[in-house]
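Peer 1: Coordinates in query_8.pdb, PDB, C-alpha atoms, pLDDT in the B column, are listed below.
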```pdb
ATOM      1  CA  MET A   1      -7.906   7.195 -26.880  1.00 87.00           C
ATOM      2  CA  ARG A   2     -10.105   4.884 -24.801  1.00 93.00           C
ATOM      3  CA  TRP A   3      -9.159   1.223 -24.999  1.00 94.00           C
ATOM      4  CA  GLN A   4     -12.108  -1.158 -25.429  1.00 96.00           C
ATOM      5  CA  VAL A   5     -12.157  -4.443 -23.511  1.00 96.00           C
ATOM      6  CA  ASN A   6     -13.915  -7.011 -25.699  1.00 97.00           C
ATOM      7  CA  SER A   7     -13.565 -10.004 -23.402  1.00 97.00           C
ATOM      8  CA  LYS A   8     -11.773 -11.317 -20.314  1.00 97.00           C
ATOM      9  CA  ARG A   9     -10.746 -14.837 -19.371  1.00 98.00           C
ATOM     10  CA  THR A  10      -9.589 -16.062 -15.976  1.00 98.00           C
ATOM     11  CA  LEU A  11      -6.111 -17.579 -15.884  1.00 97.00           C
ATOM     12  CA  TYR A  12      -5.958 -18.028 -12.083  1.00 97.00           C
ATOM     13  CA  ARG A  13      -8.017 -17.029  -9.065  1.00 97.00           C
ATOM     14  CA  ASP A  14      -7.702 -17.433  -5.311  1.00 96.00           C
ATOM     15  CA  GLN A  15      -8.651 -15.431  -2.200  1.00 92.00           C
ATOM     16  CA  TRP A  16      -5.922 -12.826  -2.859  1.00 90.00           C
ATOM     17  CA  VAL A  17      -5.648 -12.339  -6.595  1.00 94.00           C
ATOM     18  CA  HIS A  18      -7.561 -12.768  -9.849  1.00 97.00           C
ATOM     19  CA  LEU A  19      -5.287 -13.036 -12.888  1.00 97.00           C
ATOM     20  CA  GLN A  20      -6.991 -12.520 -16.238  1.00 97.00           C
ATOM     21  CA  THR A  21      -6.199 -12.116 -19.886  1.00 97.00           C
ATOM     22  CA  ALA A  22      -8.162  -9.496 -21.796  1.00 97.00           C
ATOM     23  CA  ASP A  23      -8.798  -8.946 -25.490  1.00 97.00           C
ATOM     24  CA  VAL A  24      -8.268  -5.196 -25.689  1.00 97.00           C
ATOM     25  CA  GLU A  25      -9.013  -3.196 -28.827  1.00 97.00           C
ATOM     26  CA  LEU A  26      -6.921  -0.060 -29.322  1.00 96.00           C
ATOM     27  CA  PRO A  27      -8.397   3.089 -30.901  1.00 95.00           C
ATOM     28  CA  ASP A  28      -6.694   2.235 -34.218  1.00 96.00           C
ATOM     29  CA  GLY A  29      -8.377  -1.197 -34.327  1.00 95.00           C
ATOM     30  CA  ARG A  30      -5.384  -3.299 -33.278  1.00 96.00           C
ATOM     31  CA  HIS A  31      -5.907  -5.926 -30.570  1.00 97.00           C
ATOM     32  CA  LEU A  32      -3.762  -6.724 -27.547  1.00 95.00           C
ATOM     33  CA  ASP A  33      -3.797  -9.851 -25.442  1.00 96.00           C
ATOM     34  CA  HIS A  34      -3.291  -7.976 -22.164  1.00 96.00           C
ATOM     35  CA  ARG A  35      -2.891  -9.379 -18.642  1.00 96.00           C
ATOM     36  CA  LEU A  36      -4.601  -7.795 -15.664  1.00 96.00           C
ATOM     37  CA  ILE A  37      -4.559  -8.527 -11.962  1.00 97.00           C
ATOM     38  CA  GLU A  38      -7.541  -7.793  -9.737  1.00 96.00           C
ATOM     39  CA  THR A  39      -6.917  -7.442  -6.015  1.00 95.00           C
ATOM     40  CA  GLY A  40      -8.955  -6.215  -3.109  1.00 95.00           C
ATOM     41  CA  PRO A  41      -8.592  -2.674  -1.784  1.00 97.00           C
ATOM     42  CA  GLY A  42      -6.107  -1.764   0.919  1.00 98.00           C
ATOM     43  CA  ALA A  43      -5.722   0.859   3.599  1.00 98.00           C
ATOM     44  CA  GLY A  44      -2.718   2.253   5.392  1.00 98.00           C
ATOM     45  CA  ALA A  45      -1.633   4.859   7.888  1.00 98.00           C
ATOM     46  CA  VAL A  46       1.001   7.553   8.002  1.00 98.00           C
ATOM     47  CA  VAL A  47       1.757   8.368  11.632  1.00 98.00           C
ATOM     48  CA  VAL A  48       3.514  11.687  12.224  1.00 97.00           C
ATOM     49  CA  LYS A  49       4.669  12.741  15.679  1.00 96.00           C
ATOM     50  CA  ASP A  50       7.284  15.356  16.638  1.00 96.00           C
ATOM     51  CA  GLU A  51       8.386  15.760  12.990  1.00 96.00           C
ATOM     52  CA  LYS A  52       9.007  12.006  12.704  1.00 98.00           C
ATOM     53  CA  VAL A  53       7.098   9.290  10.849  1.00 98.00           C
ATOM     54  CA  LEU A  54       6.536   5.714  12.032  1.00 98.00           C
ATOM     55  CA  LEU A  55       7.929   3.247   9.460  1.00 98.00           C
ATOM     56  CA  LEU A  56       8.585  -0.476   9.191  1.00 97.00           C
ATOM     57  CA  TRP A  57      11.892  -1.836   7.868  1.00 98.00           C
ATOM     58  CA  ARG A  58      10.871  -4.925   5.951  1.00 97.00           C
ATOM     59  CA  HIS A  59      12.008  -7.445   3.395  1.00 96.00           C
ATOM     60  CA  ARG A  60       9.891  -8.068   0.318  1.00 95.00           C
ATOM     61  CA  PHE A  61      10.642 -11.586  -0.870  1.00 94.00           C
ATOM     62  CA  ILE A  62       9.112 -11.017  -4.318  1.00 92.00           C
ATOM     63  CA  THR A  63      11.744  -8.418  -5.252  1.00 94.00           C
ATOM     64  CA  ASP A  64      14.287  -9.598  -2.644  1.00 96.00           C
ATOM     65  CA  THR A  65      14.646  -6.016  -1.412  1.00 95.00           C
ATOM     66  CA  TRP A  66      14.583  -4.217   1.935  1.00 97.00           C
ATOM     67  CA  GLY A  67      12.910  -0.885   2.526  1.00 98.00           C
ATOM     68  CA  TRP A  68      10.983   1.441   4.795  1.00 98.00           C
ATOM     69  CA  GLU A  69       7.188   1.232   4.468  1.00 98.00           C
ATOM     70  CA  ILE A  70       4.080   2.558   6.138  1.00 98.00           C
ATOM     71  CA  PRO A  71       1.733   0.009   7.756  1.00 98.00           C
ATOM     72  CA  ILE A  72      -0.802  -1.110   5.146  1.00 97.00           C
ATOM     73  CA  GLY A  73      -2.967  -4.119   4.405  1.00 96.00           C
ATOM     74  CA  GLY A  74      -6.206  -5.382   2.978  1.00 96.00           C
ATOM     75  CA  ILE A  75      -9.639  -4.086   3.827  1.00 98.00           C
ATOM     76  CA  GLU A  76     -11.736  -6.920   5.232  1.00 96.00           C
ATOM     77  CA  GLU A  77     -15.330  -7.616   4.156  1.00 94.00           C
ATOM     78  CA  GLY A  78     -17.640  -5.008   5.698  1.00 97.00           C
ATOM     79  CA  GLU A  79     -14.745  -2.955   7.077  1.00 98.00           C
ATOM     80  CA  SER A  80     -14.341   0.732   6.268  1.00 98.00           C
ATOM     81  CA  PRO A  81     -11.012   1.945   4.882  1.00 98.00           C
ATOM     82  CA  GLU A  82     -10.408   3.971   8.059  1.00 98.00           C
ATOM     83  CA  ALA A  83     -11.112   0.981  10.318  1.00 98.00           C
ATOM     84  CA  ALA A  84      -8.717  -1.109   8.210  1.00 98.00           C
ATOM     85  CA  ALA A  85      -6.002   1.556   8.472  1.00 98.00           C
ATOM     86  CA  ARG A  86      -6.428   1.632  12.271  1.00 98.00           C
ATOM     87  CA  ARG A  87      -6.322  -2.176  12.485  1.00 98.00           C
ATOM     88  CA  GLU A  88      -3.253  -2.490  10.256  1.00 97.00           C
ATOM     89  CA  LEU A  89      -1.443   0.196  12.265  1.00 97.00           C
ATOM     90  CA  GLU A  90      -1.985  -1.748  15.489  1.00 96.00           C
ATOM     91  CA  GLU A  91      -1.281  -5.186  14.047  1.00 96.00           C
ATOM     92  CA  GLU A  92       1.926  -4.190  12.276  1.00 96.00           C
ATOM     93  CA  THR A  93       3.424  -1.668  14.708  1.00 97.00           C
ATOM     94  CA  GLY A  94       1.909  -2.037  18.180  1.00 96.00           C
ATOM     95  CA  TRP A  95       0.796   1.621  18.069  1.00 97.00           C
ATOM     96  CA  ARG A  96      -2.866   2.675  18.273  1.00 97.00           C
ATOM     97  CA  SER A  97      -4.361   5.826  16.808  1.00 97.00           C
ATOM     98  CA  VAL A  98      -6.194   7.589  19.644  1.00 97.00           C
ATOM     99  CA  GLY A  99      -7.107  10.624  17.602  1.00 91.00           C
ATOM    100  CA  THR A 100      -8.712  11.495  14.324  1.00 94.00           C
ATOM    101  CA  MET A 101      -7.562   9.691  11.210  1.00 97.00           C
ATOM    102  CA  HIS A 102      -7.506  12.233   8.373  1.00 97.00           C
ATOM    103  CA  TYR A 103      -7.926  10.968   4.818  1.00 98.00           C
ATOM    104  CA  LEU A 104      -4.596  11.708   3.145  1.00 98.00           C
ATOM    105  CA  CYS A 105      -4.782  10.269  -0.370  1.00 98.00           C
ATOM    106  CA  TYR A 106      -6.001   7.586  -2.757  1.00 98.00           C
ATOM    107  CA  ILE A 107      -3.340   5.650  -4.668  1.00 97.00           C
ATOM    108  CA  GLN A 108      -3.441   3.227  -7.593  1.00 97.00           C
ATOM    109  CA  PRO A 109       0.107   1.806  -7.382  1.00 94.00           C
ATOM    110  CA  SER A 110       0.193   0.137 -10.817  1.00 94.00           C
ATOM    111  CA  PRO A 111      -2.946   0.966 -12.861  1.00 94.00           C
ATOM    112  CA  GLY A 112      -1.495  -0.346 -16.105  1.00 93.00           C
ATOM    113  CA  LEU A 113      -1.455  -3.865 -14.670  1.00 94.00           C
ATOM    114  CA  MET A 114      -3.669  -4.163 -11.615  1.00 95.00           C
ATOM    115  CA  THR A 115      -6.813  -2.850  -9.970  1.00 95.00           C
ATOM    116  CA  ALA A 116      -5.133  -2.302  -6.589  1.00 95.00           C
ATOM    117  CA  GLU A 117      -6.355   0.796  -4.787  1.00 97.00           C
ATOM    118  CA  HIS A 118      -5.009   2.091  -1.500  1.00 98.00           C
ATOM    119  CA  HIS A 119      -6.739   4.475   0.898  1.00 98.00           C
ATOM    120  CA  ILE A 120      -4.178   6.250   3.074  1.00 98.00           C
ATOM    121  CA  PHE A 121      -4.924   8.058   6.317  1.00 98.00           C
ATOM    122  CA  LYS A 122      -2.789  10.291   8.492  1.00 98.00           C
ATOM    123  CA  THR A 123      -2.833  10.433  12.273  1.00 97.00           C
ATOM    124  CA  GLU A 124      -0.770  12.293  14.839  1.00 96.00           C
ATOM    125  CA  LEU A 125      -2.133  11.081  18.166  1.00 96.00           C
ATOM    126  CA  VAL A 126      -0.977   7.559  18.930  1.00 97.00           C
ATOM    127  CA  GLN A 127      -0.387   5.378  21.958  1.00 97.00           C
ATOM    128  CA  HIS A 128       2.032   2.457  22.200  1.00 97.00           C
ATOM    129  CA  ILE A 129       0.054  -0.605  23.263  1.00 96.00           C
ATOM    130  CA  GLY A 130       2.745  -3.287  23.027  1.00 94.00           C
ATOM    131  CA  ALA A 131       4.487  -5.534  20.566  1.00 93.00           C
ATOM    132  CA  PRO A 132       2.977  -5.834  17.094  1.00 94.00           C
ATOM    133  CA  ILE A 133       0.504  -8.695  16.661  1.00 91.00           C
ATOM    134  CA  ASP A 134       1.980  -9.344  13.219  1.00 82.00           C
ATOM    135  CA  GLY A 135       5.635  -9.321  14.300  1.00 83.00           C
ATOM    136  CA  PHE A 136       6.566 -11.153  11.111  1.00 88.00           C
ATOM    137  CA  GLU A 137       5.751  -8.054   9.044  1.00 87.00           C
ATOM    138  CA  SER A 138       9.015  -6.224   9.715  1.00 90.00           C
ATOM    139  CA  GLU A 139      12.496  -6.533  11.135  1.00 91.00           C
ATOM    140  CA  ARG A 140      12.132  -3.282  13.061  1.00 95.00           C
ATOM    141  CA  ILE A 141       9.834  -0.321  13.573  1.00 96.00           C
ATOM    142  CA  GLU A 142      11.302   3.155  13.957  1.00 97.00           C
ATOM    143  CA  TRP A 143      10.418   6.825  14.120  1.00 98.00           C
ATOM    144  CA  ILE A 144      12.222   8.366  11.138  1.00 98.00           C
ATOM    145  CA  PRO A 145      12.705  12.153  10.838  1.00 98.00           C
ATOM    146  CA  LEU A 146      10.528  13.601   8.081  1.00 97.00           C
ATOM    147  CA  ALA A 147      13.594  15.605   7.029  1.00 97.00           C
ATOM    148  CA  ASP A 148      15.302  12.296   6.081  1.00 97.00           C
ATOM    149  CA  ILE A 149      12.590  11.097   3.671  1.00 97.00           C
ATOM    150  CA  GLY A 150      14.199  12.637   0.569  1.00 96.00           C
ATOM    151  CA  SER A 151      17.597  11.076   1.234  1.00 97.00           C
ATOM    152  CA  LEU A 152      16.004   7.684   1.987  1.00 98.00           C
ATOM    153  CA  ILE A 153      14.210   7.838  -1.369  1.00 97.00           C
ATOM    154  CA  ASP A 154      17.483   8.833  -3.072  1.00 97.00           C
ATOM    155  CA  LYS A 155      19.281   5.843  -1.473  1.00 98.00           C
ATOM    156  CA  GLY A 156      16.491   3.446  -2.522  1.00 97.00           C
ATOM    157  CA  ASP A 157      15.528   2.728   1.084  1.00 98.00           C
ATOM    158  CA  ILE A 158      12.009   3.920   0.280  1.00 98.00           C
ATOM    159  CA  SER A 159      10.858   2.475  -3.029  1.00 97.00           C
ATOM    160  CA  ALA A 160       7.369   1.039  -2.414  1.00 97.00           C
ATOM    161  CA  ALA A 161       4.984   3.141  -4.521  1.00 96.00           C
ATOM    162  CA  THR A 162       2.277   3.603  -1.913  1.00 97.00           C
ATOM    163  CA  THR A 163       4.702   4.483   0.867  1.00 98.00           C
ATOM    164  CA  MET A 164       6.591   6.936  -1.318  1.00 97.00           C
ATOM    165  CA  SER A 165       3.408   8.592  -2.583  1.00 97.00           C
ATOM    166  CA  ALA A 166       1.932   8.896   0.915  1.00 98.00           C
ATOM    167  CA  LEU A 167       5.117  10.333   2.440  1.00 98.00           C
ATOM    168  CA  LEU A 168       5.611  12.813  -0.386  1.00 97.00           C
ATOM    169  CA  ARG A 169       1.962  13.860   0.038  1.00 97.00           C
ATOM    170  CA  CYS A 170       2.698  14.567   3.706  1.00 93.00           C
ATOM    171  CA  LEU A 171       5.620  16.760   2.745  1.00 92.00           C
ATOM    172  CA  ILE A 172       3.695  19.025   0.363  1.00 87.00           C
TER     173      ILE A 172
END
```
For this file, produce the structure as structure tokens.
Peer 2:
Amino acid sequence: MRWQVNSKRTLYRDQWVHLQTADVELPDGRHLDHRLIETGPGAGAVVVKDEKVLLLWRHRFITDTWGWEIPIGGIEEGESPEAAARRELEEETGWRSVGTMHYLCYIQPSPGLMTAEHHIFKTELVQHIGAPIDGFESERIEWIPLADIGSLIDKGDISAATTMSALLRCLI
């Protein structure tokens, strides 16, 4: 059942995304003109303290939706996933991990369309260092009870794939 990629052609490329079309041959010999998006890897952090998780309430203009998300962003050239998760946590929330960052999970949020891969870490020891550097990332930052995660998913207030996967992983 392996699909064979016969060729790829770039449709668009910039520093953030590489959009391609691929000639894909299915096991039965049929061909698809399939689109694929290549992006760089990302890293994020789940911060749990006193049975609460640190989340950002943010607007995503692409889908014109609001929701709770964990801090996450791109891994810079030469940066380890853990270092990126620490940096993104500070930049987006104003909280610094002062303890061990435990590797929580690896997520491919949409493998049928894109190469995106997210490395998620969990930390419990944090220190507030001030306002977020990237204050434009969210409308507010709050400590949300872990017990509320299920109802927030049910209401659609948590719908981002990586955030949902990471939080559910914390709960099991």
Peer 1: Please enumerate the residues selected by the PyMOL selection byres ((chain A and resi 30-43) around 7) when evaluated against the supplied file, formatted as a PyMOL selection string.
Peer 2: chain A and resi 16-26+28-29+44+72-75+81+84-85+113-120
Peer 1: Identify all residues satisfying the PyMOL selection byres ((chain A and resi 69) around 6) in the given file; provide them as an MDAnalysis selection string.
Peer 2: chainID A and resid 55:56 68 70 163
Peer 1: Tell me which of A:Lys52, A:Pro27, A:Gly78, A:Asp157 sits closest to A:Arg2, counting all atoms listed in the file.
Peer 2: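 Nearest to A:Arg2: A:Pro27.
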Peer 1: From the set A:Ser97, A:Glu124, A:Asp134, A:Met1, which residue has the shortest atom-to-atom contact distance to A:Glu51, counting all atoms listed in the file?
Peer 2: A:Glu124
Peer 1: Give me the residues near A:Gly94 as a list in words, where near means some atom within 6 Å (using all atoms listed in the file) and where sequence neighbours in that chain fewer than 6 positions away do not count.
Peer 2: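 Residues near the query, excluding close chain neighbours: Ile129, Gly130, Ala131 and Pro132 of chain A.
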Peer 1: Rounded to one decimal in Å, what is the spacing between atom CA of A:Ser151 and atom CA of A:Leu171?
Peer 2: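 Interatomic distance, atom CA of A:Ser151 to atom CA of A:Leu171: 13.3 Å.
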Peer 1: Which is closer to A:Glu92 than all the others in A:Arg13, A:Lys122, A:Lys49, A:His128, using only C-alpha atoms?
Peer 2: A:His128
Peer 1: Nearest to A:Arg96 among A:Leu146, A:Val47, A:Ala161, A:Leu168, with distances taken over all atoms listed in the file: which residue is it?
Peer 2: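 Nearest to A:Arg96: A:Val47.
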Peer 1: Report, in Å to a single decimal, how far apart atom CA of A:Ile62 and atom CA of A:Ile158 are.
Peer 2: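 Computing it gives 15.9 Å between the two atoms.
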